[in-house]
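The file entry.cif contains mmCIF, C-alpha atoms:
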```cif
data_data
#
loop_
_atom_site.label_atom_id
_atom_site.label_comp_id
_atom_site.auth_asym_id
_atom_site.auth_seq_id
_atom_site.Cartn_x
_atom_site.Cartn_y
_atom_site.Cartn_z
CA MET A 267 -0.77 -45.84 3.08
CA ALA A 268 -4.41 -46.56 3.99
CA GLU A 269 -4.82 -48.78 0.94
CA SER A 270 -1.68 -50.69 1.83
CA ASN A 271 -3.11 -51.45 5.26
CA ILE A 272 -6.38 -52.55 3.68
CA CYS A 273 -4.46 -54.95 1.41
CA LYS A 274 -2.73 -56.50 4.43
CA ASP A 275 -6.03 -56.90 6.24
CA VAL A 276 -7.63 -58.51 3.20
CA ILE A 277 -4.81 -61.03 2.93
CA LYS A 278 -5.35 -62.07 6.55
CA VAL A 279 -8.97 -62.93 5.88
CA SER A 280 -9.56 -66.38 4.40
CA VAL A 281 -11.49 -66.83 1.20
CA SER A 282 -14.06 -68.84 3.10
CA GLY A 283 -14.55 -65.89 5.43
CA PHE A 284 -15.10 -63.62 2.45
CA ASN A 285 -17.67 -66.00 1.02
CA SER A 286 -19.76 -65.50 4.14
CA LEU A 287 -20.05 -61.80 3.33
CA SER A 288 -22.76 -60.43 1.10
CA SER A 289 -21.88 -59.81 -2.54
CA ASP A 290 -22.41 -56.06 -2.07
CA LEU A 291 -19.94 -55.91 0.82
CA THR A 292 -17.40 -58.06 -1.03
CA GLU A 293 -17.71 -55.77 -4.05
CA LEU A 294 -17.14 -52.71 -1.86
CA ILE A 295 -14.00 -54.20 -0.29
CA LEU A 296 -12.54 -55.31 -3.62
CA SER A 297 -13.31 -51.96 -5.26
CA ILE A 298 -10.93 -50.05 -2.97
CA LEU A 299 -7.94 -52.29 -3.65
CA PRO A 300 -5.14 -51.18 -6.02
CA LEU A 301 -5.76 -52.16 -9.64
CA THR A 302 -3.00 -54.77 -9.60
CA SER A 303 -4.62 -56.43 -6.57
CA ILE A 304 -8.02 -56.37 -8.27
CA VAL A 305 -6.54 -58.20 -11.25
CA ARG A 306 -5.08 -60.85 -8.93
CA ALA A 307 -8.44 -61.16 -7.18
CA THR A 308 -10.06 -62.39 -10.40
CA ALA A 309 -7.93 -65.55 -10.17
CA VAL A 310 -8.79 -66.35 -6.53
CA CYS A 311 -12.21 -67.90 -7.10
CA LYS A 312 -15.15 -67.86 -9.50
CA HIS A 313 -17.22 -65.73 -7.13
CA TRP A 314 -14.63 -62.94 -7.01
CA HIS A 315 -14.10 -63.18 -10.76
CA SER A 316 -17.83 -62.74 -11.39
CA ILE A 317 -17.91 -59.70 -9.07
CA VAL A 318 -14.89 -57.98 -10.61
CA THR A 319 -16.08 -58.52 -14.19
CA SER A 320 -19.62 -57.29 -13.52
CA SER A 321 -20.85 -53.92 -14.80
CA THR A 322 -21.71 -52.73 -11.28
CA PHE A 323 -18.14 -53.32 -10.12
CA SER A 324 -16.78 -51.01 -12.80
CA SER A 325 -19.07 -48.26 -11.50
CA ALA A 326 -17.97 -48.89 -7.92
CA VAL A 327 -14.31 -48.62 -8.90
CA ALA A 328 -15.01 -45.40 -10.79
CA VAL A 329 -16.32 -43.86 -7.57
CA THR A 330 -13.35 -44.87 -5.41
CA ARG A 331 -10.54 -44.70 -8.01
CA LYS A 332 -10.58 -41.21 -9.44
CA LYS A 333 -6.89 -40.41 -9.43
CA PRO A 334 -5.31 -40.48 -12.90
CA PHE A 335 -2.09 -42.30 -13.79
CA LEU A 336 1.06 -40.68 -15.16
CA PHE A 337 2.23 -42.47 -18.31
CA LEU A 338 5.76 -42.26 -19.71
CA TYR A 339 6.47 -43.83 -23.09
CA GLY A 340 10.13 -44.19 -24.01
CA LEU A 341 10.86 -44.45 -27.73
CA ASN A 342 14.08 -45.92 -29.11
CA ASN A 343 14.50 -44.86 -32.74
CA ILE A 344 17.03 -47.60 -33.55
CA PHE A 345 15.74 -50.64 -31.67
CA PRO A 346 11.92 -50.56 -31.36
CA ARG A 347 12.06 -53.62 -29.10
CA ASN A 348 13.59 -51.31 -26.48
CA ASN A 349 10.52 -49.08 -26.41
CA GLN A 350 9.08 -49.03 -22.92
CA LEU A 351 5.75 -47.96 -21.42
CA LEU A 352 5.53 -47.17 -17.72
CA ALA A 353 2.66 -45.90 -15.61
CA PHE A 354 2.65 -44.42 -12.13
CA ASP A 355 -0.31 -45.57 -10.03
CA PRO A 356 -0.96 -42.84 -7.42
CA HIS A 357 -3.10 -45.21 -5.34
CA LEU A 358 -0.32 -47.76 -5.12
CA ASP A 359 2.46 -45.11 -5.13
CA LYS A 360 4.34 -47.33 -7.54
CA TRP A 361 5.51 -47.47 -11.16
CA LEU A 362 4.15 -50.28 -13.32
CA ASN A 363 5.73 -51.78 -16.44
CA LEU A 364 3.03 -52.09 -19.09
CA PRO A 365 2.82 -53.89 -22.44
CA VAL A 366 4.05 -51.64 -25.24
CA PHE A 367 1.45 -50.38 -27.70
CA ARG A 368 2.71 -51.62 -31.07
CA HIS A 369 3.03 -48.94 -33.72
CA GLN A 370 5.33 -47.70 -36.46
CA ASN A 371 8.42 -45.95 -35.14
CA ASP A 372 7.83 -43.02 -37.51
CA SER A 373 4.46 -42.31 -35.90
CA SER A 374 3.39 -40.17 -32.93
CA PHE A 375 2.20 -41.96 -29.81
CA MET A 376 0.16 -40.17 -27.14
CA GLY A 377 -2.75 -40.65 -24.78
CA CYS A 378 -5.92 -38.78 -23.87
CA ASN A 379 -9.09 -39.38 -21.87
CA GLY A 380 -8.61 -43.13 -21.44
CA TYR A 381 -7.15 -43.90 -24.87
CA TYR A 382 -3.82 -44.59 -26.49
CA VAL A 383 -3.63 -42.69 -29.77
CA CYS A 384 -1.21 -43.15 -32.65
CA THR A 385 -0.92 -40.87 -35.68
CA SER A 386 1.37 -41.11 -38.70
CA GLY A 387 1.62 -39.81 -42.22
CA SER A 388 -0.79 -42.50 -43.35
CA SER A 389 -3.00 -43.61 -40.45
CA PHE A 390 -4.77 -42.83 -37.18
CA SER A 391 -5.49 -45.51 -34.59
CA PHE A 392 -6.73 -45.58 -31.02
CA CYS A 393 -7.11 -48.14 -28.27
CA PRO A 394 -8.57 -48.03 -24.74
CA ILE A 395 -5.69 -47.87 -22.26
CA LEU A 396 -4.55 -51.35 -21.14
CA SER A 397 -6.75 -52.95 -23.79
CA ARG A 398 -5.80 -54.76 -27.00
CA ASP A 399 -8.90 -53.58 -28.84
CA VAL A 400 -7.20 -51.38 -31.46
CA HIS A 401 -9.36 -49.30 -33.80
CA VAL A 402 -7.94 -47.97 -37.07
CA THR A 403 -9.85 -45.11 -38.67
CA CYS A 404 -9.82 -43.98 -42.25
CA MET A 405 -6.93 -41.70 -43.15
CA LEU A 406 -7.00 -38.13 -41.91
CA ASN A 407 -7.83 -35.59 -44.61
CA CYS A 408 -4.53 -33.99 -43.67
CA PRO A 409 -2.12 -36.65 -42.31
CA ARG A 410 0.31 -35.22 -39.77
CA LEU A 411 2.71 -35.99 -36.92
CA ASN A 412 2.87 -34.51 -33.41
CA PRO A 413 -0.59 -32.91 -33.39
CA LEU A 414 -2.66 -32.08 -30.34
CA VAL A 415 -5.34 -34.73 -29.80
CA GLY A 416 -8.39 -34.73 -27.55
CA ALA A 417 -11.08 -37.37 -26.96
CA PHE A 418 -14.63 -36.45 -26.00
CA TYR A 419 -18.13 -37.87 -26.09
CA ASP A 420 -21.46 -36.70 -27.42
CA LYS A 421 -24.31 -36.94 -24.95
CA GLY A 422 -25.72 -40.47 -24.85
CA CYS A 423 -23.00 -41.85 -27.11
CA GLU A 424 -20.55 -44.54 -26.02
CA LEU A 425 -18.17 -44.05 -28.94
CA PRO A 426 -15.52 -41.31 -28.61
CA ARG A 427 -14.92 -38.45 -30.97
CA PHE A 428 -11.36 -37.27 -31.53
CA ILE A 429 -10.21 -33.76 -32.34
CA VAL A 430 -6.83 -33.42 -34.05
CA VAL A 431 -5.26 -29.96 -34.08
CA GLY A 432 -2.11 -28.73 -35.81
CA GLY A 433 0.93 -30.92 -36.24
CA VAL A 434 3.44 -31.48 -39.01
CA LYS A 435 1.64 -31.95 -42.32
CA PHE A 436 2.66 -34.43 -45.02
CA VAL A 437 2.26 -33.92 -48.77
CA GLY A 438 3.29 -36.82 -50.98
CA GLY A 439 5.26 -38.32 -48.11
CA LEU A 440 7.19 -35.07 -47.56
CA VAL A 441 6.87 -32.60 -44.69
CA ASP A 442 5.02 -29.39 -45.55
CA ILE A 443 6.44 -26.63 -43.36
CA GLU A 444 4.07 -24.00 -44.72
CA ASP A 445 0.79 -25.01 -43.16
CA GLY A 446 0.10 -26.98 -40.00
CA LEU A 447 -3.07 -25.32 -38.73
CA PHE A 448 -5.56 -27.96 -39.86
CA VAL A 449 -8.29 -29.13 -37.48
CA GLU A 450 -10.30 -32.32 -37.94
CA ILE A 451 -12.86 -34.19 -35.84
CA TYR A 452 -13.49 -37.91 -36.12
CA ASN A 453 -17.15 -38.91 -36.37
CA PRO A 454 -17.47 -42.52 -35.14
CA HIS A 455 -20.99 -42.86 -36.56
CA CYS A 456 -19.94 -42.46 -40.18
CA GLY A 457 -16.30 -43.42 -39.61
CA CYS A 458 -14.96 -40.29 -41.29
CA TRP A 459 -12.98 -37.13 -40.51
CA GLU A 460 -14.64 -33.72 -40.73
CA ASN A 461 -12.62 -30.63 -41.60
CA CYS A 462 -13.14 -27.72 -39.19
CA SER A 463 -12.03 -24.12 -38.89
CA PRO A 464 -8.21 -24.04 -38.77
CA LEU A 465 -6.14 -23.13 -35.76
CA PRO A 466 -5.71 -19.32 -35.59
CA ALA A 467 -2.70 -18.05 -37.52
CA ASP A 468 -1.09 -16.73 -34.31
CA PHE A 469 0.01 -20.33 -33.65
CA ARG A 470 1.67 -20.81 -37.06
CA ASN A 471 5.23 -20.59 -35.67
CA GLY A 472 4.58 -23.32 -33.12
CA ASN A 473 1.81 -25.66 -34.21
CA THR A 474 2.87 -29.06 -32.82
CA SER A 475 2.52 -30.80 -29.47
CA GLN A 476 6.13 -29.82 -28.76
CA SER A 477 5.16 -26.13 -28.67
CA LEU A 478 1.52 -26.34 -27.64
CA SER A 479 -0.46 -27.80 -24.77
CA SER A 480 -4.18 -28.47 -24.69
CA ALA A 481 -7.03 -29.05 -22.27
CA LEU A 482 -10.64 -30.18 -22.60
CA PHE A 483 -12.75 -28.07 -20.28
CA ASP A 484 -16.47 -27.32 -20.16
CA GLY A 485 -17.21 -28.31 -23.75
CA LYS A 486 -14.23 -26.48 -25.20
CA PHE A 487 -10.82 -27.56 -26.48
CA TYR A 488 -8.18 -25.12 -25.21
CA VAL A 489 -4.92 -24.61 -27.09
CA TYR A 490 -2.10 -22.83 -25.28
CA GLY A 491 1.33 -21.78 -26.55
CA ILE A 492 3.84 -23.23 -24.08
CA TYR A 493 6.33 -20.44 -24.78
CA SER A 494 4.22 -17.75 -26.46
CA GLY A 495 1.41 -17.64 -23.90
CA PHE A 496 -1.21 -17.42 -26.67
CA VAL A 497 -4.51 -19.11 -25.86
CA SER A 498 -7.63 -19.83 -27.89
CA THR A 499 -10.61 -22.15 -27.42
CA PHE A 500 -12.47 -24.32 -29.90
CA ASP A 501 -16.17 -24.79 -29.13
CA LEU A 502 -16.93 -28.49 -29.63
CA ASP A 503 -20.59 -27.71 -30.43
CA THR A 504 -20.30 -24.74 -32.79
CA HIS A 505 -16.82 -25.61 -34.15
CA VAL A 506 -15.73 -21.98 -33.84
CA TRP A 507 -12.43 -20.66 -32.46
CA SER A 508 -12.40 -17.84 -29.94
CA GLU A 509 -10.29 -14.72 -30.30
CA VAL A 510 -6.64 -15.33 -29.42
CA GLN A 511 -5.61 -13.90 -26.06
CA THR A 512 -2.35 -13.81 -24.13
CA LEU A 513 -2.19 -15.66 -20.83
CA ARG A 514 1.17 -14.90 -19.27
CA PRO A 515 1.63 -14.21 -15.55
CA PRO A 516 4.58 -11.92 -14.67
CA GLY A 517 7.96 -13.63 -14.97
CA LEU A 518 6.58 -16.71 -16.75
CA LEU A 519 9.15 -18.63 -18.81
CA PHE A 520 6.89 -21.39 -20.11
CA ALA A 521 3.71 -23.14 -18.99
CA PHE A 522 1.18 -25.89 -19.66
CA LEU A 523 -2.61 -25.67 -19.52
CA ILE A 524 -4.38 -28.42 -17.56
CA SER A 525 -7.99 -29.35 -16.83
CA CYS A 526 -8.35 -30.20 -13.12
CA ASN A 527 -11.88 -31.14 -12.05
CA GLU A 528 -13.76 -27.83 -12.02
CA LEU A 529 -10.58 -25.78 -12.39
CA LEU A 530 -8.62 -24.68 -15.41
CA VAL A 531 -5.00 -24.61 -14.23
CA LEU A 532 -1.89 -23.03 -15.70
CA ALA A 533 1.29 -24.76 -14.51
CA GLY A 534 4.64 -23.25 -15.35
CA LEU A 535 8.12 -22.09 -14.51
CA CYS A 536 8.43 -18.53 -13.29
CA ASN A 537 11.45 -16.28 -12.76
CA ASP A 538 10.51 -13.11 -10.91
CA HIS A 539 11.68 -11.08 -7.92
CA ARG A 540 11.30 -14.19 -5.73
CA GLY A 541 13.66 -16.19 -7.93
CA VAL A 542 12.94 -19.31 -9.98
CA SER A 543 9.82 -21.22 -8.98
CA PHE A 544 7.27 -23.61 -10.42
CA ASN A 545 3.79 -22.17 -9.95
CA LEU A 546 0.18 -23.18 -10.40
CA TRP A 547 -2.46 -20.58 -11.26
CA SER A 548 -6.22 -21.05 -11.40
CA ILE A 549 -7.70 -19.55 -14.57
CA ASP A 550 -11.11 -17.95 -14.95
CA ASP A 551 -12.31 -19.57 -18.17
CA LYS A 552 -14.59 -16.63 -18.93
CA THR A 553 -12.11 -13.76 -18.52
CA MET A 554 -8.74 -15.57 -18.68
CA GLU A 555 -7.75 -13.82 -15.45
CA PHE A 556 -5.39 -15.78 -13.22
CA SER A 557 -4.76 -16.14 -9.50
CA GLU A 558 -1.89 -17.96 -7.81
CA LEU A 559 -2.90 -21.40 -6.58
CA ALA A 560 0.32 -23.02 -5.33
CA ILE A 561 4.12 -22.92 -5.54
CA MET A 562 6.26 -26.04 -5.64
CA PRO A 563 8.51 -26.29 -2.55
CA ALA A 564 12.07 -25.21 -3.39
CA GLU A 565 13.55 -28.53 -2.28
CA LEU A 566 11.33 -30.42 -4.73
CA LEU A 567 12.23 -28.10 -7.59
CA ALA A 568 15.90 -28.65 -6.77
CA CYS A 569 15.38 -32.42 -7.08
CA LEU A 570 14.23 -31.97 -10.67
CA PHE A 571 17.51 -30.41 -11.80
CA ASP A 572 21.24 -30.76 -11.42
CA GLY A 573 21.72 -27.58 -9.40
CA HIS A 574 22.33 -25.12 -12.26
CA GLN A 575 19.55 -22.55 -12.53
CA GLU A 576 20.16 -21.03 -15.95
CA ASP A 577 16.92 -20.78 -17.88
CA TYR A 578 17.99 -23.26 -20.56
CA ASN A 579 18.48 -25.99 -17.95
CA PHE A 580 14.77 -25.87 -17.17
CA ALA A 581 13.68 -26.54 -20.77
CA SER A 582 13.47 -30.28 -20.11
CA LEU A 583 10.69 -29.74 -17.57
CA LYS A 584 7.33 -31.19 -18.62
CA CYS A 585 3.93 -31.09 -16.98
CA VAL A 586 0.71 -33.06 -17.43
CA GLY A 587 -2.34 -33.45 -15.25
CA LEU A 588 -5.98 -34.36 -14.89
CA ASP A 589 -8.70 -34.23 -12.25
CA ASP A 590 -6.98 -33.40 -8.94
CA LEU A 591 -3.38 -34.27 -9.85
CA VAL A 592 -0.64 -32.27 -11.60
CA TYR A 593 2.53 -34.20 -12.49
CA VAL A 594 5.84 -32.44 -13.15
CA PHE A 595 8.92 -34.29 -14.39
CA ASN A 596 12.30 -33.87 -16.06
CA GLU A 597 12.47 -35.68 -19.40
CA GLU A 598 16.29 -35.87 -19.41
CA ARG A 599 17.72 -39.36 -18.99
CA HIS A 600 20.65 -38.21 -16.86
CA MET A 601 18.10 -36.97 -14.33
CA ASN A 602 16.40 -40.40 -14.42
CA TYR A 603 13.10 -38.70 -15.33
CA THR A 604 12.66 -37.42 -11.76
CA ALA A 605 9.05 -36.49 -11.06
CA CYS A 606 6.78 -35.00 -8.42
CA VAL A 607 3.05 -34.51 -8.10
CA CYS A 608 0.71 -31.90 -6.67
CA GLU A 609 -2.70 -32.95 -5.38
CA ILE A 610 -5.32 -30.22 -5.48
CA SER A 611 -7.91 -31.05 -2.83
CA ASN A 612 -9.55 -27.64 -3.07
CA ILE A 613 -8.61 -24.13 -4.12
CA SER A 614 -7.05 -23.38 -0.74
CA LYS A 615 -5.10 -26.63 -0.27
CA CYS A 616 -2.47 -28.16 -2.53
CA SER A 617 0.01 -30.82 -1.38
CA TRP A 618 3.28 -31.61 -3.18
CA ARG A 619 5.43 -34.71 -2.98
CA ARG A 620 8.13 -36.48 -4.93
CA ILE A 621 7.12 -39.75 -6.52
CA PRO A 622 9.33 -42.86 -6.49
CA ASP A 623 12.11 -43.25 -9.05
CA LEU A 624 11.43 -45.24 -12.19
CA PRO A 625 12.04 -49.00 -11.90
CA VAL A 626 15.28 -50.49 -13.16
CA PRO A 627 16.48 -51.69 -15.58
CA LEU A 628 15.48 -48.75 -17.76
CA ASN A 629 16.12 -48.87 -21.49
CA HIS A 630 17.81 -46.10 -23.46
CA PHE A 631 15.31 -43.74 -25.11
CA HIS A 632 15.70 -41.11 -27.80
CA LYS A 633 12.36 -39.53 -26.98
CA VAL A 634 9.92 -39.63 -24.06
CA THR A 635 6.20 -38.95 -24.42
CA SER A 636 4.10 -38.23 -21.35
CA PHE A 637 0.39 -38.02 -20.69
CA CYS A 638 -2.05 -38.30 -17.83
CA SER A 639 -5.19 -40.41 -17.95
CA SER A 640 -7.65 -42.33 -15.86
CA VAL A 641 -7.69 -46.11 -16.22
CA SER A 642 -10.81 -48.22 -16.67
CA ILE A 643 -10.93 -51.57 -14.87
CA ASP A 644 -13.02 -52.91 -17.79
CA ASN A 645 -9.99 -52.71 -20.07
CA ILE A 646 -7.97 -54.89 -17.70
CA VAL A 647 -10.30 -57.71 -16.65
CA ASN A 648 -12.66 -58.02 -19.62
#
```

Conversion result in structure tokens:
Amino acid sequence: MAESNICKDVIKVSVSGFNSLSSDLTELILSILPLTSIVRATAVCKHWHSIVTSSTFSSAVAVTRKKPFLFLYGLNNIFPRNNQLLAFDPHLDKWLNLPVFRHQNDSSFMGCNGYYVCTSGSSFSFCPILSRDVHVTCMLNCPRLNPLVGAFYDKGCELPRFIVVGGVKFVGGLVDIEDGLFVEIYNPHCGCWENCSPLPADFRNGNTSQSLSSALFDGKFYVYGIYSGFVSTFDLDTHVWSEVQTLRPPGLLFAFLISCNELLVLAGLCNDHRGVSFNLWSIDDKTMEFSELAIMPAELLACLFDGHQEDYNFASLKCVGLDDLVYVFNEERHMNYTACVCEISNISKCSWRRIPDLPVPLNHFHKVTSFCSSVSIDNIVN
């Protein structure tokens, strides 16, 4: 609401009036506008364009624009032209239609830490979100679909590393159902994939992104069984897996592990003596002990479903998050992908709200992929 008022005030001020301001003050004002307004500002005059495309402006935006977007990618298996990519901007409180990232329909599309990622039986590619600068790596040592993927940086390095965990393995173009525990890390310096210690065997029965969730937290890549409750961490420095533990609060049906600022958060559906609820727990990353952080208001949970509270009706519930936001949505089309968000301002205060419905017209999808990521202004204006 505050940003909307700022936009209205900015519109009332003439460009000539803005030109009388110092460049630092103009940069500050522009940096707190919604991203779509910043893009429009680049076309107003050369002065504004030079400010928005400067390196200092990107840093200013990073300070004021920390809230991550929710991305939903709808895949149509029959007509690829009907694929659709939408993003919810929490600053603007609005869904945006984005250009579709072109890829083979038999590949897996996902996003992590500011990048679109695409894996298939023959290739791995990545691209900064909202950029057209696509990078294609050499083939994975073990090509697979639906793996867990994380992006991270070495100290002092601008190029990302990618960790690929699990997934459906291919041998000679055929699916190998026997082994999907492979772990590889992409080294951007030599442009090759390094084999690492495999995912612990406890995850063998559910080794894809459909059964696992992941989180990058404090130099470790966490893997969590959505239904099993198994959890293990991969140290990104030593490349060693921790002992598998069980993280399962009482009454938990399924859950997702999320990295939220300085908190490791477990978000999941619970059915206990209080009835069905969607809960957030803060997790001690040293002991794996949990404490209740927040419970979604009952009226919001009711909005996510059609009124029937059998356990199987909740299976379409998905959850992603980053920094201070946790998004929860229903991936069923007949529910119009209804979603809500929880903002974690501190351990003692969490605020829930429903987010606007998706824009229409909405194409028909056979599969929906979701992820949460920050967005860099550099990828939009440069």

Problem - Gap from atom CA of A:Tyr381 to atom CA of A:Phe337 - Å, one decimal - result: 11.5 Å

Problem - Atomic separation - atom CA of A:Asn537 relative to atom CA of A:Phe496, Å - result: 18.8 Å

Completion exercise
For A:Pro334, the closest of A:Ser373, A:Thr553, A:Ser498, A:Asn379 counting only C-alpha atoms is A:Asn379

Select from stretch 525-609 of chain A every residue with an atom at most 12 Å from any atom of stretch 340-364 of chain A, then for each give the shortest pair of atoms and their distance in Å to one decimal, using only C-alpha atoms, rows by chain and rising number, as a tab-separated table.
```
residue	atom	partner	partner_atom	distance
A:Asp590	CA	A:Pro356	CA	11.3
A:Leu591	CA	A:Pro356	CA	9.2
A:Val592	CA	A:Pro356	CA	11.4
A:Tyr593	CA	A:Phe354	CA	10.2
A:Glu597	CA	A:Gly340	CA	10.0
A:Glu598	CA	A:Gly340	CA	11.3
A:Arg599	CA	A:Gly340	CA	10.3
A:Tyr603	CA	A:Gly340	CA	10.7
A:Ala605	CA	A:Phe354	CA	10.2
A:Cys606	CA	A:Phe354	CA	10.9
A:Val607	CA	A:Pro356	CA	9.3
A:Cys608	CA	A:Pro356	CA	11.1
A:Glu609	CA	A:Pro356	CA	10.2
```

Those residues you just picked out, can you put them in a file as a PDB file, in the coordinates of the input with C-alpha atoms?
```pdb
ATOM      1  CA  ASP A 590      -6.980 -33.400  -8.940  1.00  0.00           C
ATOM      2  CA  LEU A 591      -3.380 -34.270  -9.850  1.00  0.00           C
ATOM      3  CA  VAL A 592      -0.640 -32.270 -11.600  1.00  0.00           C
ATOM      4  CA  TYR A 593       2.530 -34.200 -12.490  1.00  0.00           C
ATOM      5  CA  GLU A 597      12.470 -35.680 -19.400  1.00  0.00           C
ATOM      6  CA  GLU A 598      16.290 -35.870 -19.410  1.00  0.00           C
ATOM      7  CA  ARG A 599      17.720 -39.360 -18.990  1.00  0.00           C
ATOM      8  CA  TYR A 603      13.100 -38.700 -15.330  1.00  0.00           C
ATOM      9  CA  ALA A 605       9.050 -36.490 -11.060  1.00  0.00           C
ATOM     10  CA  CYS A 606       6.780 -35.000  -8.420  1.00  0.00           C
ATOM     11  CA  VAL A 607       3.050 -34.510  -8.100  1.00  0.00           C
ATOM     12  CA  CYS A 608       0.710 -31.900  -6.670  1.00  0.00           C
ATOM     13  CA  GLU A 609      -2.700 -32.950  -5.380  1.00  0.00           C
TER      14      GLU A 609
END
```

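Proximity ranking of A:Cys404, A:Ile524, A:Cys462, A:Leu530 relative to A:Phe556 places A:Leu530 first, based on all atoms listed in the file.
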
Where does the PyMOL selection byres ((chain A and resi 479-482) around 7) land in this file, that is, which residues does it pick, as a PDB file with C-alpha atoms, in the frame of the given file?
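This went into expr_37.pdb:
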```pdb
ATOM      1  CA  LEU A 414      -2.660 -32.080 -30.340  1.00  0.00           C
ATOM      2  CA  SER A 475       2.520 -30.800 -29.470  1.00  0.00           C
ATOM      3  CA  LEU A 478       1.520 -26.340 -27.640  1.00  0.00           C
ATOM      4  CA  PHE A 483     -12.750 -28.070 -20.280  1.00  0.00           C
ATOM      5  CA  ASP A 484     -16.470 -27.320 -20.160  1.00  0.00           C
ATOM      6  CA  GLY A 485     -17.210 -28.310 -23.750  1.00  0.00           C
ATOM      7  CA  LYS A 486     -14.230 -26.480 -25.200  1.00  0.00           C
ATOM      8  CA  PHE A 487     -10.820 -27.560 -26.480  1.00  0.00           C
ATOM      9  CA  TYR A 488      -8.180 -25.120 -25.210  1.00  0.00           C
ATOM     10  CA  VAL A 489      -4.920 -24.610 -27.090  1.00  0.00           C
ATOM     11  CA  TYR A 490      -2.100 -22.830 -25.280  1.00  0.00           C
ATOM     12  CA  GLY A 491       1.330 -21.780 -26.550  1.00  0.00           C
ATOM     13  CA  ILE A 492       3.840 -23.230 -24.080  1.00  0.00           C
ATOM     14  CA  PHE A 522       1.180 -25.890 -19.660  1.00  0.00           C
ATOM     15  CA  LEU A 523      -2.610 -25.670 -19.520  1.00  0.00           C
ATOM     16  CA  ILE A 524      -4.380 -28.420 -17.560  1.00  0.00           C
ATOM     17  CA  SER A 525      -7.990 -29.350 -16.830  1.00  0.00           C
TER      18      SER A 525
END
```

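Taking atom CA of A:Cys393 and atom CA of A:Cys638 as the two end points, the separation is 15.2 Å.
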
Practice task
Please evaluate the PyMOL selection byres ((chain A and resi 416) around 7) against the structure above and give the resulting residues as a list in words.
Solution key: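 Listing what the PyMOL selection byres ((chain A and resi 416) around 7) selects in the shown file: Cys378, Leu414, Val415, Ala417, Phe418, Phe428, Ile429 and Val430 of chain A.
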
Exercise for the section: Name every residue that the PyMOL selection byres ((chain A and resi 529) around 9) selects in this structure, writing the answer as a count of residues only with chains first and numbers rising. Expected result: 14

Problem - Distance query 9 Å from (-8.4, -38.2, -42.5) using only C-alpha atoms, result as a PyMOL selection string - result: chain A and resi 388-390+403-409+450-452+458-461

Problem - Shell of 10 Å around A:His313, all atoms listed in the file, local chain residues under 4 positions omitted, as a list in words - result: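 The filter keeps Asn285, Ser289, Thr292, Ala307, Thr308, Ala309, Ile317 and Val318 of chain A.
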
Residues near A:Leu425, anyone? I mean within 9 Å using all atoms listed in the file, not counting same-chain ones fewer than 3 positions away, as a compact mmCIF listing (two decimals) with C-alpha atoms, in the coordinates of the input.
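Now in selection-v2.txt:
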```
# COMPACT_ATOMS: atom_id res chain seq x y z
CA PHE A 418 -14.63 -36.45 -26.00
CA TYR A 419 -18.13 -37.87 -26.09
CA ASP A 420 -21.46 -36.70 -27.42
CA PRO A 454 -17.47 -42.52 -35.14
CA HIS A 455 -20.99 -42.86 -36.56
```

Please fill the gaps in stretch 361-368 of chain A so it has N, CA, C and O atoms, and write that as a tab-separated table (two decimals), keeping the file's coordinate frame.
```
chain	number	residue	atom	x	y	z
A	361	TRP	N	5.45	-47.40	-9.71
A	361	TRP	CA	5.51	-47.47	-11.16
A	361	TRP	C	5.21	-48.89	-11.63
A	361	TRP	O	5.63	-49.86	-11.00
A	362	LEU	N	4.49	-48.99	-12.74
A	362	LEU	CA	4.15	-50.28	-13.32
A	362	LEU	C	4.72	-50.37	-14.73
A	362	LEU	O	4.63	-49.41	-15.51
A	363	ASN	N	5.31	-51.51	-15.07
A	363	ASN	CA	5.73	-51.78	-16.44
A	363	ASN	C	4.54	-52.33	-17.21
A	363	ASN	O	3.93	-53.32	-16.80
A	364	LEU	N	4.20	-51.69	-18.33
A	364	LEU	CA	3.03	-52.09	-19.09
A	364	LEU	C	3.42	-52.62	-20.47
A	364	LEU	O	4.50	-52.30	-20.98
A	365	PRO	N	2.55	-53.43	-21.07
A	365	PRO	CA	2.82	-53.89	-22.44
A	365	PRO	C	2.91	-52.70	-23.38
A	365	PRO	O	2.14	-51.74	-23.26
A	366	VAL	N	3.84	-52.75	-24.31
A	366	VAL	CA	4.05	-51.64	-25.24
A	366	VAL	C	2.98	-51.67	-26.32
A	366	VAL	O	2.66	-52.73	-26.87
A	367	PHE	N	2.42	-50.51	-26.62
A	367	PHE	CA	1.45	-50.38	-27.70
A	367	PHE	C	2.22	-50.42	-29.02
A	367	PHE	O	3.05	-49.56	-29.29
A	368	ARG	N	1.96	-51.44	-29.83
A	368	ARG	CA	2.71	-51.62	-31.07
A	368	ARG	C	2.30	-50.59	-32.12
A	368	ARG	O	1.12	-50.42	-32.40
```
